[in-house]
Each structure stands twice: as C-alpha cells, then as structure tokens.
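Colleague: Quick one: the structure is below, questions incoming.
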Amino acid sequence: MMKKMFVVILNCFWSLSGVAGSESRSVMEGDSVTLSVSLTETQRKEGISWKFGPRDVTIAEIEVGDNNIRPYEDRADGRFKGRVKLDHSGSLTITNTKTTDSGLYKVSQTSSDKQLSVFNINVYAPLPVPVITNASPENTSSSERSNCSLLCSVLNGRGVTLSWYKGKSLLFNISESNLNISNISLPLEVEYQDTNTYSCVAQHPLSNQTQDYCLTDLCQQCSGLPFKYIVLICCVVGVLMIVAAVLIFCIRRKLRATANKCEDTEEDDNKFTIHKEDNEEDDNKFTTYTRVPEVGASTYEGDNEVGDSIYEVSSERNPYNNII
C-alpha cells in the first residue's frame with residue numbers, strides 16, 4: 001500500500017515538474033506549429049516518443065535502432081489524422097491546428113522512458129465581434145425608467161474574456177472556462193443622460209474585438225412606445241396624409257369646374273343683344289321679338305339671329321293709327 005502511494009506521488013511530482021518546466025506556445029486555429037527538440041546521436045538511436053494529453057497517448061515515435069519514423073494517426077480519437085509530421089531530428093510539426101489540439105505534448109526516451117521536453121500548446125479560435133443589445137423590459141416605456149439596460153454577448157472559447165470599458169477604464173469583465181457553455185454575456189446599466197463613451201471588448205491572448213456602444217442607437221428615451229407601435233403610427237399618419245391630398249385635389253378640381261361654368265354663363269349674357277331695324281315703309285305695324293328654343297332646324301320670320309338664340313318676328317297692324 002505504501003509502495004503504491006509512493007509511486008502515485010512520484011508520478012505527480014514528475015508531471016508537475018514537467019509542466020512547470022514546459023515551453024508554452026500559442027497559435028491561431030488553422031496555423032501550423034513546430035515543436036523542436038535537440039537530440040544527441042545516442043538519444044536518436046535509443047528512440048523517442050511523442051505523447052499527447054493527460055493520458056500520454058503516443059501520437060508519433062522514432063523507433064529504436066533503425067530510426068524509422070512511425071506516426072499513429074488513429075490514436076487520440078484520430079484528431080491528428082493527416083496533420084502530424086515527425087522528422088529525424090525529433091521535431092514534431094502539427095499542421096492546420098484546431099482548438100482540440102490544445103494541451104501538453106511530451107517527448108521522452110523510448111528505451112528508458114526518460115522525459116526530455118514538455119510543450120504546453122494553446123490553440124485559439126478567431127474572435128467574433130461582440131454584440132450589444134437592449135435588455136430593458138419591453139413592457140416598460142423608456143419614460144418610466146432612468147437607466148437603460150444593455151447586454152454584451154460573444155461566442156465562448158478558450159481563454160476568451162468579455163469586458164466593459166468606460167472610455168479607457170475597465171469597469172468589469174467575465175470569462176467562462178467551461179467550453180460547453182456556448183456564449184458568455186455581460187450586462188451594463190447606463191443612464192439616459194450619460195454622455196460617456198462605452199465599449200464592449202472580447203479578447204484572448206492572440207486577438208481582440210471591440211464593439212462601441214451608442215446611446216441613440218439602442219436606448220432612445222424620446223420614444224416611450226415600443227418600436228412596433230411607432231411603425232403602426234407612422235403608417236396611419238402616412239395613409240391620412242394621402243387621403244387628405246386626394247380630397248384637396250378633388251375639391252380644387254370641383255371649384256375650378258364651377259368657376260369655368262360661371263365664366264361661360266357670363267359670356268353668353270354679354271352676347272345677348274337685340275338689333276331692330278326701323279320699318280319706315282309701314283308705320284301702322286309694330287314688331288314683336290320672341291325668344292324661341294334653339295333647335296337643329298328652326299323656322300323664323302326675318303333675319304333676327306342674335307348670339308346663340310333665335311327670335312321669331314311677327315308684325316301686326318297698329319290699331320291706334322286710325323284714331324286721329
């Protein structure tokens with residue numbers, strides 16, 4: 001029992017000492033990384049093994065004696081298939097790296113299992129730009145609130161930290177080591193009257209992305225109605241303006257038609273004149289002018305067409321001429 005405990009403690013000591021003396025490397029996802037070692041001729045002949053992860057899974061080795069290079073692409077869940085290269089110098093190259101390649105890589109002597117070097121590799125995914133949204137309750141108008149609630153979110157990943165800045169001063173930040181959580185979010189309360197500059201920053205050791213906050217874009221206090229009601233009101237106002245324009249057009253057209261009709265009537269009245277010729281031949285007759293309706297073919301006595309109307313002319317003897 002004591003012997004087993006001693007072995008466990010010894011293994012833990014060697015693991016910790018290896019990690020403490022390891023070389024750390026950070027790469028972006030998709031890049032290549034080379035883990036270089038310096039081997040003596042004797043070490044090369046005794047063979048070396050490259051192991052990955054906490055279980056020390058052998059992923060490549062130089063065999064003892066013949067120095068043949070043998071990769072084991074089917075091991076470690078097959079994640080390194082087609083991406084591991086080992087040369088005779090003992091250096092290991094991983095191409096097209098993925099975030100799942102992060103971890104400890106150990107190189108040891110095959111014959112004696114003596115550990116030669118340890119590398120701690122961190123592969124970081126490209127960072128997306130964080131997204132800022134208005135997290136204020138929808139059932140409460142902005143006129144009833146003094147603050148605007150903001151929420152900044154970003155896709156979670158290895159080493160990702162999300163922070164709020166006021167100008168260049170850090171307010172607070174958050175990170176999530178559990179990579180099973182897909183997103184991390186960070187809230188912020190801002191007063192409507194606040195004119196300071198705020199920004200949300202997502203970062204890891206190799207990259208950072210910043211999203212600036214604009215008060216007028218997300219928190220407009222001037223409108224106490226939800227956006228859908230604002231759109232509805234704008235549509236109603238637009239329809240009413242169109243109806244009013246049509247009514248004004250119709251009224252103006254009707255007034256113009258009435259004015260033209262009045263002008264035509266006045267012109268006809270001005271044309272109504274009567275011309276009477278004196279009949280000197282017969283003083284005992286008098287002439288009567290009578291307006292008759294205008295028809296296609298009218299009969300009348302005398303030439304008495306005045307304007308657009310036709311007059312019928314009749315002559316009678318004056319009975320008063322015989323009374324003298």
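In the structure tokens, the first chain shown is A, the next is B, and so on; residue numbers restart at 1 for each chain, and ligands run from 1 in the order shown.
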What lies within 12 Å of A:Leu206 using only C-alpha atoms, ignoring chain neighbours under 3 positions off, as a list of chain:residue names?
Modeller: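 Neighbouring residues, sequence-local ones excluded: A:Arg25, A:Ser26, A:Val27, A:Met28, A:Glu29, A:Asn122, A:Val123, A:Tyr124, A:Ala125, A:Pro126, A:Leu127, A:Arg158, A:Gly159, A:Val160, A:Thr161, A:Ala202, A:Gln203, A:Gln209.
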Colleague: Excluding same-chain residues fewer than 4 positions from stretch 171-174 of chain A, what lies within 7 Å of it counting only C-alpha atoms, as a ChimeraX atom specification?
Modeller: /A:161-166
Colleague: Quick one: everything within 10 Å of A:Ser22, counting only C-alpha atoms, minus sequence neighbours fewer than 5 positions away in the same chain. Send it as a list of chain:residue names.
Modeller: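 So, after excluding close chain neighbours, the residues are A:Leu16, A:Ser17, A:Leu104, A:Tyr105, A:Lys106, A:Ser117, A:Val118, A:Phe119, A:Asn120, A:Ile121.
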Colleague: Which residues are near stretch 89-97 of chain A? Cut-off 6 Å, only C-alpha atoms, ignore same chain within fewer than 4 positions. Put them as a PDB file with N, CA and C atoms, in the first residue's frame.
Modeller:
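Done, and the output landed in around-v2.pdb:
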```
ATOM      1  N   GLU A  29      -6.050  29.173 -34.606  1.00  0.00           N
ATOM      2  CA  GLU A  29      -6.617  27.997 -35.260  1.00  0.00           C
ATOM      3  C   GLU A  29      -6.385  28.079 -36.773  1.00  0.00           C
ATOM      4  N   GLY A  30      -5.887  26.961 -37.333  1.00  0.00           N
ATOM      5  CA  GLY A  30      -5.579  26.907 -38.755  1.00  0.00           C
ATOM      6  C   GLY A  30      -4.108  27.077 -39.063  1.00  0.00           C
ATOM      7  N   ASP A  31      -3.351  27.631 -38.126  1.00  0.00           N
ATOM      8  CA  ASP A  31      -1.908  27.784 -38.325  1.00  0.00           C
ATOM      9  C   ASP A  31      -1.187  26.469 -38.018  1.00  0.00           C
ATOM     10  N   SER A  32       0.083  26.449 -38.353  1.00  0.00           N
ATOM     11  CA  SER A  32       0.933  25.286 -38.048  1.00  0.00           C
ATOM     12  C   SER A  32       1.866  25.623 -36.894  1.00  0.00           C
ATOM     13  N   VAL A  33       2.253  24.598 -36.148  1.00  0.00           N
ATOM     14  CA  VAL A  33       3.167  24.781 -35.036  1.00  0.00           C
ATOM     15  C   VAL A  33       4.190  23.651 -35.062  1.00  0.00           C
ATOM     16  N   THR A  34       5.447  24.007 -34.811  1.00  0.00           N
ATOM     17  CA  THR A  34       6.540  23.028 -34.776  1.00  0.00           C
ATOM     18  C   THR A  34       7.152  23.007 -33.392  1.00  0.00           C
ATOM     19  N   LEU A  35       7.239  21.801 -32.832  1.00  0.00           N
ATOM     20  CA  LEU A  35       7.828  21.600 -31.503  1.00  0.00           C
ATOM     21  C   LEU A  35       9.220  21.001 -31.714  1.00  0.00           C
ATOM     22  N   SER A  36      10.224  21.837 -31.513  1.00  0.00           N
ATOM     23  CA  SER A  36      11.599  21.439 -31.837  1.00  0.00           C
ATOM     24  C   SER A  36      12.326  20.912 -30.607  1.00  0.00           C
ATOM     25  N   VAL A  37      13.104  19.866 -30.814  1.00  0.00           N
ATOM     26  CA  VAL A  37      13.960  19.308 -29.750  1.00  0.00           C
ATOM     27  C   VAL A  37      15.368  19.089 -30.314  1.00  0.00           C
ATOM     28  N   ARG A  83      -2.209  15.254 -40.102  1.00  0.00           N
ATOM     29  CA  ARG A  83      -1.722  16.572 -39.697  1.00  0.00           C
ATOM     30  C   ARG A  83      -0.442  16.514 -38.845  1.00  0.00           C
ATOM     31  N   VAL A  84       0.089  15.337 -38.602  1.00  0.00           N
ATOM     32  CA  VAL A  84       1.280  15.198 -37.763  1.00  0.00           C
ATOM     33  C   VAL A  84       2.477  14.781 -38.620  1.00  0.00           C
ATOM     34  N   LYS A  85       3.594  15.507 -38.451  1.00  0.00           N
ATOM     35  CA  LYS A  85       4.828  15.191 -39.175  1.00  0.00           C
ATOM     36  C   LYS A  85       5.995  15.166 -38.185  1.00  0.00           C
TER      37      LYS A  85
END
```
Colleague: Which residue gives the smallest distance to A:Asp66 among A:Arg44, A:Leu150, A:Gly103, A:Pro187, with only C-alpha atoms counted?
Modeller: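 Checking each candidate against A:Asp66, we get A:Arg44 as the closest.
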Colleague: Please compute the atom CA of A:Cys148-atom CA of A:His204 distance, one decimal, in Å.
Modeller: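 So the answer is 28.4 Å.
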Colleague: From the options A:Glu73, A:Asp101, A:Ser111, A:Thr210, which residue's atoms come nearest to A:Glu46, counting only C-alpha atoms?
Modeller: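 Looking at the shortest contact to A:Glu46, the residue is A:Ser111.
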Colleague: Quick one: DSSP alpha helix (DSSP H) residues in stretch 17-129 of chain A, as a PyMOL selection string?
Modeller: chain A and resi 17-20+41-46
Colleague: Pull N, CA, C and O atoms from the residues just selected and write them as a compact mmCIF listing (two decimals), in the first residue's frame.
Modeller:
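The result, stored in result_35.txt:
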```txt
# COMPACT_ATOMS: atom_id res chain seq x y z
N SER A 17 6.57 18.77 -12.29
CA SER A 17 7.86 19.34 -12.65
C SER A 17 7.97 19.51 -14.15
O SER A 17 8.56 20.48 -14.64
N GLY A 18 7.36 18.57 -14.90
CA GLY A 18 7.38 18.69 -16.35
C GLY A 18 6.58 19.88 -16.82
O GLY A 18 7.01 20.63 -17.70
N VAL A 19 5.40 20.10 -16.22
CA VAL A 19 4.56 21.23 -16.62
C VAL A 19 5.22 22.53 -16.24
O VAL A 19 5.21 23.51 -16.97
N ALA A 20 5.82 22.55 -15.06
CA ALA A 20 6.47 23.78 -14.59
C ALA A 20 7.61 24.18 -15.51
O ALA A 20 7.85 25.36 -15.74
N GLU A 41 23.13 11.90 -30.82
CA GLU A 41 23.10 10.70 -31.64
C GLU A 41 22.69 9.50 -30.82
O GLU A 41 21.94 8.62 -31.30
N THR A 42 23.11 9.46 -29.59
CA THR A 42 22.75 8.34 -28.71
C THR A 42 21.24 8.33 -28.43
O THR A 42 20.59 7.27 -28.48
N GLN A 43 20.68 9.50 -28.15
CA GLN A 43 19.24 9.60 -27.89
C GLN A 43 18.43 9.19 -29.12
O GLN A 43 17.39 8.54 -29.00
N ARG A 44 18.93 9.56 -30.28
CA ARG A 44 18.22 9.23 -31.51
C ARG A 44 18.21 7.71 -31.73
O ARG A 44 17.22 7.13 -32.16
N LYS A 45 19.35 7.06 -31.43
CA LYS A 45 19.42 5.62 -31.61
C LYS A 45 18.55 4.88 -30.60
O LYS A 45 18.03 3.80 -30.88
N GLU A 46 18.41 5.44 -29.42
CA GLU A 46 17.57 4.82 -28.39
C GLU A 46 16.08 5.06 -28.64
O GLU A 46 15.23 4.49 -27.94
```
Colleague: Here is a test: counting only C-alpha atoms, which residue of A:Leu39, A:Ile59, A:Ala257, A:Val64 is nearest to A:Ser112?
Modeller: A:Val64
Colleague: Identify all residues of stretch 66-226 of chain A in strand (DSSP E) (DSSP on the backbone) and supply them as number ranges by chain.
Modeller: A: 69-71, 84-86, 92-94, 103-109, 115-124, 131-134, 147-155, 161-166, 169-175, 183-191, 198-204, 207-213
Colleague: What's the separation between atom CA of A:Glu63 and atom CA of A:Lys81, in Å to one decimal place?
Modeller: 19.8 Å
Colleague: What is the atom CA of A:Pro54-atom CA of A:Arg75 distance in Å, reported with one decimal?
Modeller: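 Atom CA of A:Pro54 sits 13.8 Å away from atom CA of A:Arg75.
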